[in-house]
Structure formats: structure tokens, C-alpha cells
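Coordinates from target-v6.txt are shown below (compact mmCIF, C-alpha atoms and all ligand atoms).
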```
# COMPACT_ATOMS: atom_id res chain seq x y z
CA MET Z 1 -34.72 -32.59 11.70
CA THR Z 2 -32.98 -35.79 10.70
CA HIS Z 3 -33.41 -37.84 13.81
CA PRO Z 4 -37.07 -38.95 13.62
CA VAL Z 5 -36.28 -40.19 10.10
CA ASN Z 6 -33.39 -42.24 11.52
CA VAL Z 7 -35.62 -43.65 14.22
CA GLN Z 8 -38.17 -44.66 11.60
CA ARG Z 9 -35.49 -46.24 9.47
CA ARG Z 10 -34.18 -48.27 12.40
CA HIS Z 11 -37.69 -49.60 13.03
CA LEU Z 12 -37.95 -50.62 9.39
CA ILE Z 13 -34.58 -52.38 9.46
CA LEU Z 14 -35.31 -54.23 12.67
CA GLY Z 15 -38.69 -55.21 11.30
CA GLY Z 16 -41.17 -57.39 13.19
CA ALA Z 17 -39.09 -58.14 16.29
CA ALA Z 18 -38.58 -54.47 17.01
CA ALA Z 19 -42.20 -53.72 16.25
CA ALA Z 20 -43.31 -56.37 18.77
CA THR Z 21 -41.32 -54.72 21.55
CA ALA Z 22 -41.87 -51.18 20.36
CA SER Z 23 -44.14 -50.26 23.22
CA LEU Z 24 -41.40 -51.17 25.69
CA VAL Z 25 -38.70 -49.13 23.99
CA PRO Z 26 -38.87 -45.47 24.88
CA MET Z 27 -38.83 -43.32 21.73
CA ARG Z 28 -35.62 -41.27 21.67
CA SER Z 29 -36.46 -37.65 21.12
CA PHE Z 30 -34.21 -35.36 19.06
CA ALA Z 31 -33.07 -33.93 22.40
CA ALA Z 32 -30.52 -36.73 22.69
CA ASP Z 33 -28.56 -35.49 19.67
CA PRO Z 34 -26.35 -32.42 19.71
CA VAL Z 35 -27.24 -29.38 17.65
CA LYS Z 36 -24.32 -28.91 15.29
CA VAL Z 37 -23.12 -25.44 14.38
CA GLY Z 38 -20.64 -25.23 11.49
CA LEU Z 39 -18.38 -22.24 12.18
CA ILE Z 40 -16.48 -21.22 9.03
CA VAL Z 41 -13.88 -18.49 9.57
CA PRO Z 42 -10.37 -17.65 8.39
CA MET Z 43 -8.01 -19.11 11.01
CA SER Z 44 -5.02 -18.78 8.65
CA GLY Z 45 -3.97 -16.39 5.88
CA PRO Z 46 -4.14 -12.58 5.80
CA PHE Z 47 -7.43 -12.35 7.71
CA ALA Z 48 -6.64 -14.90 10.43
CA SER Z 49 -7.21 -12.31 13.17
CA THR Z 50 -10.94 -12.33 12.28
CA GLY Z 51 -11.19 -16.10 12.77
CA LYS Z 52 -9.18 -16.07 15.97
CA GLN Z 53 -11.34 -13.33 17.45
CA ILE Z 54 -14.60 -15.07 16.52
CA ALA Z 55 -13.46 -18.54 17.62
CA ALA Z 56 -12.28 -17.11 20.96
CA ALA Z 57 -15.63 -15.37 21.48
CA VAL Z 58 -17.62 -18.49 20.63
CA SER Z 59 -15.68 -20.57 23.15
CA LEU Z 60 -15.98 -17.84 25.77
CA TYR Z 61 -19.75 -17.83 25.25
CA GLN Z 62 -19.97 -21.59 25.74
CA LYS Z 63 -17.67 -21.44 28.76
CA LYS Z 64 -19.86 -18.81 30.36
CA TYR Z 65 -23.31 -20.16 29.46
CA GLY Z 66 -22.53 -23.88 29.16
CA ASP Z 67 -22.62 -26.08 26.08
CA THR Z 68 -26.22 -27.24 26.57
CA VAL Z 69 -29.36 -25.26 25.84
CA ALA Z 70 -32.99 -26.41 25.98
CA GLY Z 71 -31.70 -29.88 26.85
CA ARG Z 72 -29.47 -30.11 23.77
CA LYS Z 73 -25.72 -29.98 23.57
CA VAL Z 74 -24.48 -27.37 21.11
CA GLU Z 75 -21.49 -28.75 19.24
CA VAL Z 76 -19.44 -26.20 17.31
CA ILE Z 77 -17.47 -27.58 14.35
CA LEU Z 78 -14.75 -25.03 13.56
CA LYS Z 79 -13.45 -24.91 9.97
CA ASP Z 80 -10.68 -22.69 8.62
CA ASP Z 81 -11.43 -21.44 5.09
CA GLY Z 82 -8.18 -19.46 4.73
CA GLY Z 83 -10.10 -16.21 4.09
CA VAL Z 84 -9.37 -15.71 0.39
CA ALA Z 85 -11.04 -18.43 -1.70
CA PRO Z 86 -14.85 -18.28 -2.05
CA ASP Z 87 -14.96 -21.76 -3.66
CA MET Z 88 -13.30 -23.22 -0.61
CA THR Z 89 -15.83 -21.58 1.74
CA LYS Z 90 -18.70 -22.90 -0.39
CA ARG Z 91 -17.27 -26.42 -0.42
CA ILE Z 92 -16.77 -26.40 3.34
CA ALA Z 93 -20.36 -25.18 3.85
CA GLN Z 94 -21.67 -27.97 1.59
CA GLU Z 95 -19.68 -30.63 3.42
CA LEU Z 96 -20.76 -29.37 6.80
CA VAL Z 97 -24.41 -29.56 5.81
CA THR Z 98 -24.40 -32.83 3.86
CA ARG Z 99 -21.68 -34.87 5.57
CA ASP Z 100 -21.48 -33.51 9.13
CA GLY Z 101 -25.20 -32.75 9.43
CA VAL Z 102 -24.84 -29.22 10.80
CA GLN Z 103 -28.18 -27.48 11.40
CA ILE Z 104 -26.75 -23.96 11.58
CA LEU Z 105 -23.94 -22.33 9.57
CA ALA Z 106 -22.05 -19.43 11.13
CA GLY Z 107 -18.97 -17.20 10.81
CA PHE Z 108 -18.04 -15.75 7.36
CA GLY Z 109 -15.09 -13.40 7.68
CA LEU Z 110 -15.32 -11.58 4.36
CA THR Z 111 -18.09 -10.59 1.96
CA PRO Z 112 -17.08 -12.77 -1.03
CA LEU Z 113 -17.03 -15.80 1.29
CA ALA Z 114 -20.52 -15.06 2.65
CA PHE Z 115 -21.79 -14.61 -0.93
CA ALA Z 116 -20.30 -17.99 -1.90
CA ALA Z 117 -21.96 -19.90 0.96
CA SER Z 118 -25.39 -18.27 0.66
CA PRO Z 119 -26.84 -20.70 -1.97
CA VAL Z 120 -25.93 -23.60 0.33
CA ALA Z 121 -28.00 -22.05 3.13
CA THR Z 122 -30.94 -21.53 0.79
CA GLN Z 123 -30.87 -25.02 -0.70
CA ALA Z 124 -30.45 -26.79 2.63
CA LYS Z 125 -32.90 -24.43 4.45
CA THR Z 126 -30.14 -23.92 6.99
CA PRO Z 127 -29.88 -20.68 8.99
CA MET Z 128 -26.61 -18.88 8.22
CA VAL Z 129 -25.45 -16.48 10.93
CA VAL Z 130 -23.13 -13.92 9.33
CA MET Z 131 -20.90 -12.74 12.18
CA ALA Z 132 -18.35 -10.58 10.32
CA ALA Z 133 -18.93 -9.89 6.61
CA ALA Z 134 -20.44 -6.44 6.29
CA THR Z 135 -21.52 -5.52 2.75
CA SER Z 136 -25.11 -4.27 2.92
CA VAL Z 137 -26.58 -6.64 0.32
CA ILE Z 138 -25.47 -9.89 2.04
CA VAL Z 139 -28.78 -10.47 3.87
CA LYS Z 140 -30.60 -10.36 0.52
CA ARG Z 141 -28.54 -13.25 -0.86
CA SER Z 142 -30.54 -15.84 1.09
CA PRO Z 143 -33.74 -15.79 3.18
CA TYR Z 144 -31.80 -17.98 5.66
CA ILE Z 145 -29.14 -15.32 6.40
CA VAL Z 146 -29.21 -13.45 9.71
CA ARG Z 147 -26.48 -10.90 10.53
CA THR Z 148 -25.04 -10.24 14.00
CA GLY Z 149 -22.10 -7.98 13.01
CA PHE Z 150 -22.77 -4.70 11.22
CA THR Z 151 -22.93 -3.15 7.76
CA LEU Z 152 -20.55 -0.64 6.22
CA PRO Z 153 -23.34 1.82 5.29
CA GLN Z 154 -24.55 1.62 8.91
CA VAL Z 155 -21.22 2.78 10.33
CA THR Z 156 -20.20 5.10 7.46
CA ALA Z 157 -23.24 7.40 7.25
CA PRO Z 158 -22.74 8.64 10.86
CA MET Z 159 -19.05 9.33 10.12
CA ALA Z 160 -19.94 11.49 7.11
CA ASP Z 161 -22.54 13.38 9.18
CA TRP Z 162 -20.00 13.97 11.93
CA ALA Z 163 -17.52 15.34 9.38
CA THR Z 164 -19.90 17.90 7.87
CA LYS Z 165 -21.20 18.93 11.31
CA ASN Z 166 -17.59 19.52 12.35
CA ASN Z 167 -16.89 21.85 9.46
CA ILE Z 168 -14.88 19.53 7.28
CA LYS Z 169 -15.54 20.82 3.75
CA SER Z 170 -13.38 18.68 1.48
CA ALA Z 171 -12.48 15.01 1.59
CA ILE Z 172 -10.94 12.14 -0.33
CA THR Z 173 -12.36 8.64 0.12
CA PHE Z 174 -9.87 5.76 0.36
CA VAL Z 175 -11.29 2.24 0.46
CA ALA Z 176 -10.38 -1.38 -0.18
CA ASP Z 177 -11.65 -2.25 -3.65
CA TYR Z 178 -14.39 -4.82 -2.94
CA GLY Z 179 -17.94 -5.02 -1.53
CA PRO Z 180 -17.66 -3.33 1.86
CA GLY Z 181 -15.19 -0.71 0.58
CA ILE Z 182 -17.47 0.21 -2.30
CA ASP Z 183 -20.44 0.43 0.10
CA ALA Z 184 -18.41 2.72 2.36
CA GLU Z 185 -17.30 4.92 -0.54
CA LYS Z 186 -20.83 5.30 -1.96
CA VAL Z 187 -22.40 6.11 1.37
CA PHE Z 188 -19.67 8.52 2.45
CA VAL Z 189 -19.84 10.40 -0.86
CA LYS Z 190 -23.66 10.58 -0.75
CA GLN Z 191 -23.93 11.68 2.87
CA PHE Z 192 -20.94 14.05 2.89
CA THR Z 193 -22.09 15.89 -0.24
CA ALA Z 194 -25.68 16.02 1.06
CA GLY Z 195 -24.26 17.78 4.14
CA GLY Z 196 -22.47 20.38 1.95
CA GLY Z 197 -19.01 18.79 1.68
CA SER Z 198 -17.14 18.19 -1.54
CA ILE Z 199 -15.30 15.04 -2.60
CA MET Z 200 -11.99 15.65 -4.36
CA HIS Z 201 -11.24 12.04 -5.36
CA SER Z 202 -12.39 8.52 -4.61
CA ILE Z 203 -9.47 6.10 -4.38
CA ARG Z 204 -9.79 2.29 -4.31
CA THR Z 205 -6.86 0.11 -3.26
CA PRO Z 206 -6.43 -3.65 -3.88
CA LEU Z 207 -7.74 -5.92 -1.13
CA LEU Z 208 -4.76 -8.25 -1.12
CA ASN Z 209 -1.16 -7.08 -0.61
CA PRO Z 210 -1.96 -3.40 -1.02
CA ASP Z 211 0.89 -0.94 -1.52
CA TYR Z 212 -0.58 2.25 -0.13
CA ALA Z 213 2.38 4.49 -1.04
CA PRO Z 214 1.31 5.77 -4.51
CA PHE Z 215 -2.25 6.36 -3.33
CA LEU Z 216 -1.13 8.27 -0.23
CA LYS Z 217 1.15 10.44 -2.40
CA ARG Z 218 -1.86 11.41 -4.47
CA VAL Z 219 -3.79 12.32 -1.32
CA LYS Z 220 -0.90 14.38 0.01
CA ASP Z 221 -0.63 16.32 -3.24
CA SER Z 222 -4.39 17.03 -3.30
CA LYS Z 223 -4.44 18.34 0.31
CA PRO Z 224 -8.04 17.55 1.29
CA GLU Z 225 -9.18 18.62 4.76
CA ALA Z 226 -9.90 14.97 5.55
CA LEU Z 227 -9.13 11.50 4.28
CA PHE Z 228 -11.96 9.03 4.92
CA VAL Z 229 -10.67 5.44 5.09
CA PHE Z 230 -12.12 1.95 5.10
CA VAL Z 231 -9.80 -1.05 4.99
CA PRO Z 232 -10.81 -4.41 6.48
CA SER Z 233 -9.77 -5.35 10.00
CA GLY Z 234 -6.12 -6.30 10.23
CA GLU Z 235 -4.90 -3.78 7.62
CA GLY Z 236 -5.35 -0.50 9.47
CA ALA Z 237 -2.02 -0.58 11.31
CA SER Z 238 0.11 -0.34 8.20
CA LEU Z 239 -2.14 2.31 6.67
CA ILE Z 240 -1.98 4.56 9.72
CA LYS Z 241 1.78 4.08 10.01
CA GLN Z 242 2.30 5.11 6.38
CA PHE Z 243 -0.14 8.03 6.70
CA ASN Z 244 2.14 9.43 9.39
CA GLU Z 245 5.50 8.45 7.87
CA ARG Z 246 4.61 10.00 4.52
CA GLY Z 247 3.80 13.30 6.19
CA LEU Z 248 0.04 13.49 5.55
CA ALA Z 249 -0.69 14.18 9.22
CA ALA Z 250 2.05 16.83 9.28
CA GLU Z 251 0.42 18.40 6.19
CA GLY Z 252 -2.71 18.93 8.33
CA ILE Z 253 -4.82 16.27 6.57
CA ARG Z 254 -7.24 14.77 9.06
CA LEU Z 255 -7.72 10.99 9.02
CA ILE Z 256 -11.29 9.84 9.71
CA CYS Z 257 -12.41 6.24 9.33
CA THR Z 258 -14.73 3.40 10.21
CA GLY Z 259 -13.71 1.39 13.28
CA ASP Z 260 -12.37 -1.39 11.03
CA VAL Z 261 -9.21 0.71 10.60
CA LEU Z 262 -8.75 1.19 14.36
CA ASP Z 263 -9.56 -2.41 15.11
CA ASP Z 264 -9.18 -3.04 18.87
CA ASP Z 265 -7.04 -6.06 18.09
CA LEU Z 266 -4.47 -3.66 16.60
CA MET Z 267 -4.75 -0.64 18.89
CA VAL Z 268 -1.87 -1.68 21.11
CA SER Z 269 0.46 -2.21 18.16
CA ILE Z 270 -0.68 0.95 16.34
CA GLY Z 271 0.10 2.88 19.51
CA GLU Z 272 0.39 6.64 19.87
CA VAL Z 273 0.22 7.51 16.17
CA SER Z 274 -3.52 6.88 16.34
CA LYS Z 275 -3.98 9.57 18.97
CA GLY Z 276 -6.89 11.88 18.19
CA ILE Z 277 -8.28 9.91 15.23
CA VAL Z 278 -12.09 10.06 15.14
CA SER Z 279 -13.92 6.98 13.86
CA SER Z 280 -17.42 5.49 13.88
CA HIS Z 281 -18.37 1.93 14.75
CA HIS Z 282 -20.81 -0.32 16.55
CA TYR Z 283 -18.31 -1.65 19.08
CA SER Z 284 -15.35 -0.41 21.04
CA ALA Z 285 -13.58 -2.47 23.69
CA ALA Z 286 -13.72 0.75 25.73
CA HIS Z 287 -17.56 0.73 25.75
CA PRO Z 288 -18.28 1.68 29.36
CA SER Z 289 -21.02 -0.83 30.27
CA PRO Z 290 -20.66 -3.39 33.08
CA GLU Z 291 -21.42 -6.20 30.57
CA ASN Z 292 -18.59 -5.05 28.33
CA LYS Z 293 -16.09 -4.58 31.15
CA GLU Z 294 -16.71 -8.17 32.17
CA TYR Z 295 -16.44 -9.34 28.53
CA VAL Z 296 -13.11 -7.57 27.90
CA ALA Z 297 -11.67 -8.92 31.17
CA SER Z 298 -12.72 -12.53 30.57
CA PHE Z 299 -11.67 -12.42 26.90
CA ALA Z 300 -8.21 -11.18 27.92
CA ARG Z 301 -7.99 -13.75 30.72
CA ASP Z 302 -8.67 -16.66 28.34
CA ASN Z 303 -6.58 -15.38 25.41
CA ASN Z 304 -3.19 -14.23 26.72
CA GLY Z 305 -4.31 -10.66 27.25
CA MET Z 306 -5.87 -10.25 23.77
CA ARG Z 307 -8.32 -7.37 23.44
CA PRO Z 308 -11.64 -8.36 21.86
CA ASN Z 309 -12.48 -6.54 18.63
CA PHE Z 310 -15.76 -5.93 16.82
CA HIS Z 311 -15.62 -9.27 14.98
CA SER Z 312 -15.43 -11.10 18.31
CA VAL Z 313 -18.65 -9.37 19.33
CA GLY Z 314 -20.35 -10.50 16.09
CA GLY Z 315 -19.35 -14.04 17.11
CA TYR Z 316 -20.41 -13.71 20.74
CA ASP Z 317 -23.80 -12.28 19.79
CA GLY Z 318 -24.17 -14.87 17.03
CA MET Z 319 -23.88 -17.61 19.66
CA HIS Z 320 -26.32 -15.74 21.88
CA LEU Z 321 -28.83 -15.60 19.03
CA ILE Z 322 -28.44 -19.34 18.39
CA TYR Z 323 -28.92 -20.15 22.09
CA GLU Z 324 -31.95 -17.88 22.44
CA ALA Z 325 -33.54 -19.33 19.28
CA LEU Z 326 -33.07 -22.88 20.60
CA LYS Z 327 -34.69 -21.85 23.88
CA LYS Z 328 -37.70 -20.53 21.95
CA THR Z 329 -38.05 -23.70 19.86
CA ASN Z 330 -37.54 -25.95 22.92
CA GLY Z 331 -34.45 -27.39 21.32
CA ASP Z 332 -35.95 -28.05 17.88
CA ALA Z 333 -33.20 -27.20 15.34
CA ASN Z 334 -35.47 -27.27 12.27
CA GLY Z 335 -34.10 -24.51 10.01
CA ASP Z 336 -37.38 -22.66 9.46
CA LYS Z 337 -38.27 -22.76 13.15
CA ILE Z 338 -34.83 -21.48 14.20
CA LEU Z 339 -35.00 -18.72 11.61
CA ALA Z 340 -38.47 -17.65 12.80
CA ALA Z 341 -37.19 -17.60 16.40
CA MET Z 342 -34.23 -15.42 15.41
CA LYS Z 343 -36.30 -12.77 13.64
CA GLY Z 344 -37.06 -9.83 15.88
CA ALA Z 345 -34.82 -11.03 18.75
CA SER Z 346 -33.58 -8.20 20.99
CA TRP Z 347 -31.01 -8.21 23.76
CA THR Z 348 -28.37 -6.21 25.61
CA SER Z 349 -25.11 -7.02 23.90
CA VAL Z 350 -21.70 -6.03 25.21
CA ARG Z 351 -21.85 -3.42 22.43
CA GLY Z 352 -25.15 -1.98 23.72
CA PRO Z 353 -28.79 -2.80 22.85
CA MET Z 354 -29.38 -4.68 19.59
CA THR Z 355 -32.22 -6.22 17.60
CA ILE Z 356 -32.43 -8.54 14.60
CA ASP Z 357 -34.80 -6.74 12.24
CA ALA Z 358 -37.72 -9.16 11.75
CA GLU Z 359 -38.11 -8.09 8.11
CA THR Z 360 -34.55 -7.71 6.83
CA ARG Z 361 -32.78 -10.14 9.26
CA ASP Z 362 -30.11 -7.46 9.61
CA VAL Z 363 -28.81 -5.92 12.80
CA ILE Z 364 -30.22 -2.72 14.35
CA GLN Z 365 -27.84 -1.19 16.86
CA ASP Z 366 -26.28 1.97 18.31
CA ILE Z 367 -23.43 3.47 16.29
CA TYR Z 368 -20.80 5.35 18.27
CA ILE Z 369 -18.48 8.18 17.34
CA ARG Z 370 -15.16 7.59 19.08
CA LYS Z 371 -11.78 9.25 19.52
CA SER Z 372 -8.52 7.39 19.95
CA GLU Z 373 -7.11 8.36 23.35
CA GLU Z 374 -4.53 7.11 25.79
CA VAL Z 375 -6.10 5.57 28.89
CA ASP Z 376 -3.90 3.89 31.53
CA GLY Z 377 -0.95 3.74 29.17
CA GLN Z 378 -2.75 2.18 26.16
CA MET Z 379 -4.69 3.54 23.19
CA TRP Z 380 -8.48 3.00 23.21
CA ASN Z 381 -11.37 4.14 21.03
CA VAL Z 382 -13.27 6.25 23.55
CA GLU Z 383 -16.93 6.75 22.61
CA PHE Z 384 -18.22 10.33 22.86
CA ASP Z 385 -21.41 10.38 20.78
CA LYS Z 386 -24.04 7.88 19.69
CA ILE Z 387 -26.65 7.41 16.96
CA ALA Z 388 -29.24 5.23 18.68
CA GLN Z 389 -30.71 2.07 17.12
CA PHE Z 390 -29.55 2.82 13.60
CA LYS Z 391 -30.64 0.53 10.76
CA ASP Z 392 -28.56 -0.24 7.69
CA PRO Z 393 -29.38 2.69 5.37
CA GLY Z 394 -28.30 0.67 2.29
CA VAL Z 395 -26.29 2.18 -0.56
C1 LIG P 401 -16.07 -7.88 4.63
O1 LIG P 401 -15.37 -8.49 3.80
O2 LIG P 401 -17.29 -7.83 4.53
C2 LIG P 401 -15.40 -7.18 5.76
C3 LIG P 401 -14.23 -7.70 6.31
C4 LIG P 401 -13.58 -7.01 7.34
C5 LIG P 401 -14.11 -5.84 7.81
C6 LIG P 401 -15.30 -5.34 7.29
C7 LIG P 401 -15.93 -6.00 6.25
O3 LIG P 401 -13.48 -5.16 8.78
```

Rewrite the structure from the file as C-alpha cells, please.
Amino acid sequence: MTHPVNVQRRHLILGGAAAATASLVPMRSFAADPVKVGLIVPMSGPFASTGKQIAAAVSLYQKKYGDTVAGRKVEVILKDDGGVAPDMTKRIAQELVTRDGVQILAGFGLTPLAFAASPVATQAKTPMVVMAAATSVIVKRSPYIVRTGFTLPQVTAPMADWATKNNIKSAITFVADYGPGIDAEKVFVKQFTAGGGSIMHSIRTPLLNPDYAPFLKRVKDSKPEALFVFVPSGEGASLIKQFNERGLAAEGIRLICTGDVLDDDLMVSIGEVSKGIVSSHHYSAAHPSPENKEYVASFARDNNGMRPNFHSVGGYDGMHLIYEALKKTNGDANGDKILAAMKGASWTSVRGPMTIDAETRDVIQDIYIRKSEEVDGQMWNVEFDKIAQFKDPGV
């Protein structure tokens, strides 16, 4: 809380004259200042869709619930970190805290960027709401981190279980070669083999500018029953296109994946080639709750028809968590008080019921098994099974 210090300092500067009239001057409470939230997301570069989705969700939240909570205006300072340079994200986080005086950091589109900012949160005792980055270990990088998105182990373990229960006996794993991909690979291999399946190969592809062709050739030649894929949101369209063009589907290889690959933002452009693909995730824009129907409609209305994806929901719920914490602290934005108010919070999200684990600060939520189907002329991930209130199983 910086304001009482400022008030004190002003009294000192004004000296005796101010002191003489002090009883006549009402003390300004911190309520007069806005609470500043520094939102750091990629709004440009290869992962710009993540930033656009989160920024759109954050403004939708403030449009719907107002920009004032517990008597304090919530001012969001949006910063584009470009999505690929951890040093840049760290510098922006430092500037937001020291120069702009933000009391809460939020966003973080990719794991390396969340890692880079985590020491800033710790040093400044500033809550850091991770809305997108999904490597399991992130919450352990700072006691000030709270996650409102998901973790890769959390969505991958149910996919592996589904595969073995549905008689898939052999698989190849195919992941982007960095934190979340490695989490997904480890968990899929562990869970699939525990269920009796066998892994033929584990393939890792570069995160930036991947050329999938040589890897897909190797998969085609090996003829597994299934190919399990994780690539980060935004990259699934080209992978699915190549999977079909290179004849893997025709060869009878079944594509299964986390919902990152069938990102709702991309479903319309991926189109019919996704038909029948089974995936697992914590959010689908087709989730049939009244809250979600309203969310999808208002998101589309405000964003030229754009469909909200899972990152948008991490952003929307991140704002909800910030608002609810401020209500509990009566508008006090002290980092430790906000953090304490966030721990254990539970609510009905547009994704379904969710809780912030009071011990780990990670998200507990339902994970859905979905199938890509055509509904009213467009492809949607239609949920058909659910693993209720599933915690991150770790790697
Ligand atoms: C991550 O870098 O943690 C990340 C990014 C995009 C995803 C999932 C995980 O879709």
C-alpha cells in the first residue's frame, strides 16, 4: 500500500501549517486511488492470438461488471511483450511494479515468460495471476503466483486414460519442445503405459517456425494406432492440415490431442478436416451452460464475431479472481492480503465449477473429453465426458 506513505510524506513536506489544520482536512483513504493491474500478454508476434483473446476477455469482464470494485477503480495497464523474449517480459514486469505502481501482475502467454517474471512477483510481494502459461511447475516459481488457466498434466492424463479405455494400444507422442510440451509428453507416456498401451516414439518439434513434414513422415512410416499431439494455441491449424495432406489420416492413424491443438479461435479456419478428432481440455466454447452461452455471444458481439478460446477464459476468470479478492479485502490491494483472499476461492466459471487450491495456488477444475463435430454449419468441440474437479497431477 503506497498511499498512506504518500499522505505521511505530504504532511512532512507541508510541515507546521498543514499540521495546524490537519484536523480539518479529511484523511484520504486508499480508496481514492485506482488499483492497477499490469496485464502482460503477447499482442504481436507468433502468439498474438493469446494476447488478443485475453485482452478481449478482460475488457468484456470490466464492461459487464463495471470498472469499480469495493469502492476502487480497477485500472488495467495492457503491455505487449511480443511473446518470445523472456527478458522483455521480465523488464516490463519490473517497470510496471516500480514505475507504474501496479499492485497485481497478470497475463503471461507462455511458460518461459511466466518463469522470467516470477522473481519480480516474489521480490515486490505482488500477486501474479498466470492466465495462460500451463507448465505444471510454474506455481512453484513464486509464492505470489496464482493460476487461472490450466496445466498440461491436468488435461493430458485424462486423454491418455481415454485412449487406453478405448482400446488404443500403440501411440507416438508429438509435442512442442519446451515446458508444456515436455509435461504433456511425460504424462501421456506414464499414463498410457500404465493403462497397458505402448509408446513407439516420442517426437519433439521446435517451438518457433516448426516444419512438421519430416516428423510426420516418421509417424506415417511407424503406423501407430494413434498420434498424441500438443502444440501451443495458434499452431494446431497447420499441424492438422499437414496430418491430412500427408496421408496420415488415410493411413488409419488416429489423431488425439489436448484442446490447445483444436483451439476454438482456430476451429472455423481448420474446418471439416478436424471432424471426429477427440481431445481433452478444461474449456470448449460449446460448453452447454447458460453462463457460457452468454459469454460466447457477448464475446462475439464485441469482437467481430470472434469465438472465445480457453486462454480468454483464463483471462476472464483471472479478472473475476482479482475482483472477488478486492471485495474480500474491502479494496485493500496489499499483496499479501490479496493473495490470502485468492487462496481457496471457488466460483462457477463459464468453463464449469473451479477452485483455486489454497495450498498450491493452482486451478482445480473439470476436464472434458470432446469430439470435433459440425453444429449449425461450423466445427465445435462437443463435450461428451468429464473428469470432475481434477487437480494438476504433476509430472
Ligand atoms: C505455455 O507456454 O505454457 C503454453 C502456451 C500455449 C498453450 C499451452 C501452454 O496452448

Can you tell me which residues sit at most 7 Å away from ligand LIG 401 (chain P), counting all atoms listed in the file, written as a list in words? Gly109, Leu110, Thr111, Pro112, Ala132, Ala133, Ala134, Thr135, Gly179, Pro180, Val231, Pro232, Ser233 and Asp260 of chain Z

Surrounding residues of Ala184 (chain Z) excluding itself and chain neighbours under 6 positions, 12 Å, all atoms listed in the file, as a ChimeraX atom specification: /Z:134-136,151-160,173-178,190-192,202-204,228-232,257-260,280,392-395

As an exercise, work out the distance from CA of Phe108 (chain Z) to CA of Trp380 (chain Z) in Å and give it to one decimal place.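 Between these atoms lies a distance of 26.3 Å.
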
In the coordinate frame of the file, compute which residues have an atom within 10 Å of (-24.5, -37.1, 20.5) when using only C-alpha atoms, and state them as a PyMOL selection string. chain Z and resi 30-36+72-75

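Summary of the local environment: counting all atoms listed in the file, residues at most 12 Å from Ala116 (chain Z), other than itself and those fewer than 4 positions away along its chain, are Asp81, Gly83, Val84, Ala85, Pro86, Asp87, Met88, Thr89, Lys90, Arg91, Ile92, Ala93, Gln94, Phe108, Gly109, Leu110, Thr111, Pro112, Val120, Ala121, Thr122, Met128, Ala133, Ile138, Arg141 and Ser142 of chain Z.
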
Which distance in Å separates CA of Glu294 (chain Z) and CA of Asp265 (chain Z), to one decimal? 17.2 Å

For region 108-210 of chain Z versus region 325-349 of chain Z, which residues have an atom no more than 8 Å away, and what is each residue's nearest atom pair and distance in Å rounded to one decimal, using only C-alpha atoms, chain-then-number order, as CSV?
```
residue,atom,partner,partner_atom,distance
Z:Lys125,CA,Z:Gly335,CA,5.7
Z:Thr126,CA,Z:Gly335,CA,5.0
Z:Pro127,CA,Z:Gly335,CA,5.8
Z:Tyr144,CA,Z:Leu339,CA,6.8
Z:Val146,CA,Z:Met342,CA,7.8
```

Which residue gives the smallest distance to Ile172 (chain Z) among Z:His282, Z:Arg301, Z:Lys223, Z:Arg307, with all atoms listed in the file counted?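 Of Z:His282, Z:Arg301, Z:Lys223, Z:Arg307, the one nearest Ile172 (chain Z) is Z:Lys223, counting all atoms listed in the file.
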
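Between CA of His311 (chain Z) and CA of Gly352 (chain Z) the separation is 14.8 Å.
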
Taking all listed atoms of region 206-217 of chain Z, build the axis-aligned box, pad each of the six sides by 5 Å, then write its centre and edge lengths in Å to one decimal as lines of an AutoDock Vina configuration file.
```
center_x = -2.7
center_y = 1.1
center_z = -2.3
size_x = 20.1
size_y = 28.7
size_z = 14.4
```

Point (-19.1, -26.4, 21.4), cut-off 12 Å, counting only C-alpha atoms, residues as a VMD selection string: chain Z and resid 34 to 39 55 to 69 72 to 78 319 323

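Considering all atoms listed in the file, the residue among Z:Ala213, Z:Val187, Z:Ala358, Z:Ile54 positioned nearest to Tyr316 (chain Z) is Z:Ile54.
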
Rank Z:Lys79, Z:Gly236, Z:Pro288, Z:Asp221 by their smallest atom-to-atom distance to Leu96 (chain Z), using only C-alpha atoms, and report the top residue only.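 Using only C-alpha atoms, Leu96 (chain Z) sits closest to Z:Lys79.
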
Reconstructed region 358-362 of chain Z, atom set all heavy atoms, as an mmCIF file, keeping the file's coordinate frame:
```
data_model
loop_
_atom_site.group_PDB
_atom_site.id
_atom_site.type_symbol
_atom_site.label_atom_id
_atom_site.label_comp_id
_atom_site.auth_asym_id
_atom_site.auth_seq_id
_atom_site.Cartn_x
_atom_site.Cartn_y
_atom_site.Cartn_z
ATOM 1 N N ALA Z 358 -36.890 -8.000 12.120
ATOM 2 C CA ALA Z 358 -37.720 -9.160 11.750
ATOM 3 C C ALA Z 358 -37.935 -9.234 10.239
ATOM 4 O O ALA Z 358 -38.150 -10.309 9.691
ATOM 5 C CB ALA Z 358 -39.054 -9.081 12.473
ATOM 6 N N GLU Z 359 -37.868 -8.088 9.559
ATOM 7 C CA GLU Z 359 -38.110 -8.090 8.110
ATOM 8 C C GLU Z 359 -36.832 -8.352 7.316
ATOM 9 O O GLU Z 359 -36.820 -9.182 6.410
ATOM 10 C CB GLU Z 359 -38.653 -6.739 7.676
ATOM 11 C CG GLU Z 359 -39.831 -6.336 8.502
ATOM 12 C CD GLU Z 359 -40.978 -5.854 7.678
ATOM 13 O OE1 GLU Z 359 -40.742 -5.013 6.805
ATOM 14 O OE2 GLU Z 359 -42.093 -6.338 7.944
ATOM 15 N N THR Z 360 -35.769 -7.619 7.661
ATOM 16 C CA THR Z 360 -34.550 -7.710 6.830
ATOM 17 C C THR Z 360 -33.570 -8.766 7.339
ATOM 18 O O THR Z 360 -32.642 -9.133 6.637
ATOM 19 C CB THR Z 360 -33.811 -6.364 6.802
ATOM 20 O OG1 THR Z 360 -33.392 -6.056 8.148
ATOM 21 C CG2 THR Z 360 -34.693 -5.241 6.281
ATOM 22 N N ARG Z 361 -33.712 -9.204 8.586
ATOM 23 C CA ARG Z 361 -32.780 -10.140 9.260
ATOM 24 C C ARG Z 361 -31.418 -9.506 9.484
ATOM 25 O O ARG Z 361 -30.423 -10.164 9.710
ATOM 26 C CB ARG Z 361 -32.647 -11.454 8.480
ATOM 27 C CG ARG Z 361 -33.912 -12.278 8.439
ATOM 28 C CD ARG Z 361 -33.895 -13.321 7.360
ATOM 29 N NE ARG Z 361 -34.287 -12.780 6.073
ATOM 30 C CZ ARG Z 361 -33.463 -12.483 5.080
ATOM 31 N NH1 ARG Z 361 -32.176 -12.720 5.208
ATOM 32 N NH2 ARG Z 361 -33.917 -11.972 3.951
ATOM 33 N N ASP Z 362 -31.370 -8.184 9.390
ATOM 34 C CA ASP Z 362 -30.110 -7.460 9.610
ATOM 35 C C ASP Z 362 -30.113 -6.871 11.017
ATOM 36 O O ASP Z 362 -31.140 -6.852 11.683
ATOM 37 C CB ASP Z 362 -29.976 -6.350 8.551
ATOM 38 C CG ASP Z 362 -28.544 -6.236 8.051
ATOM 39 O OD1 ASP Z 362 -27.625 -6.608 8.800
ATOM 40 O OD2 ASP Z 362 -28.363 -5.794 6.907
#
```
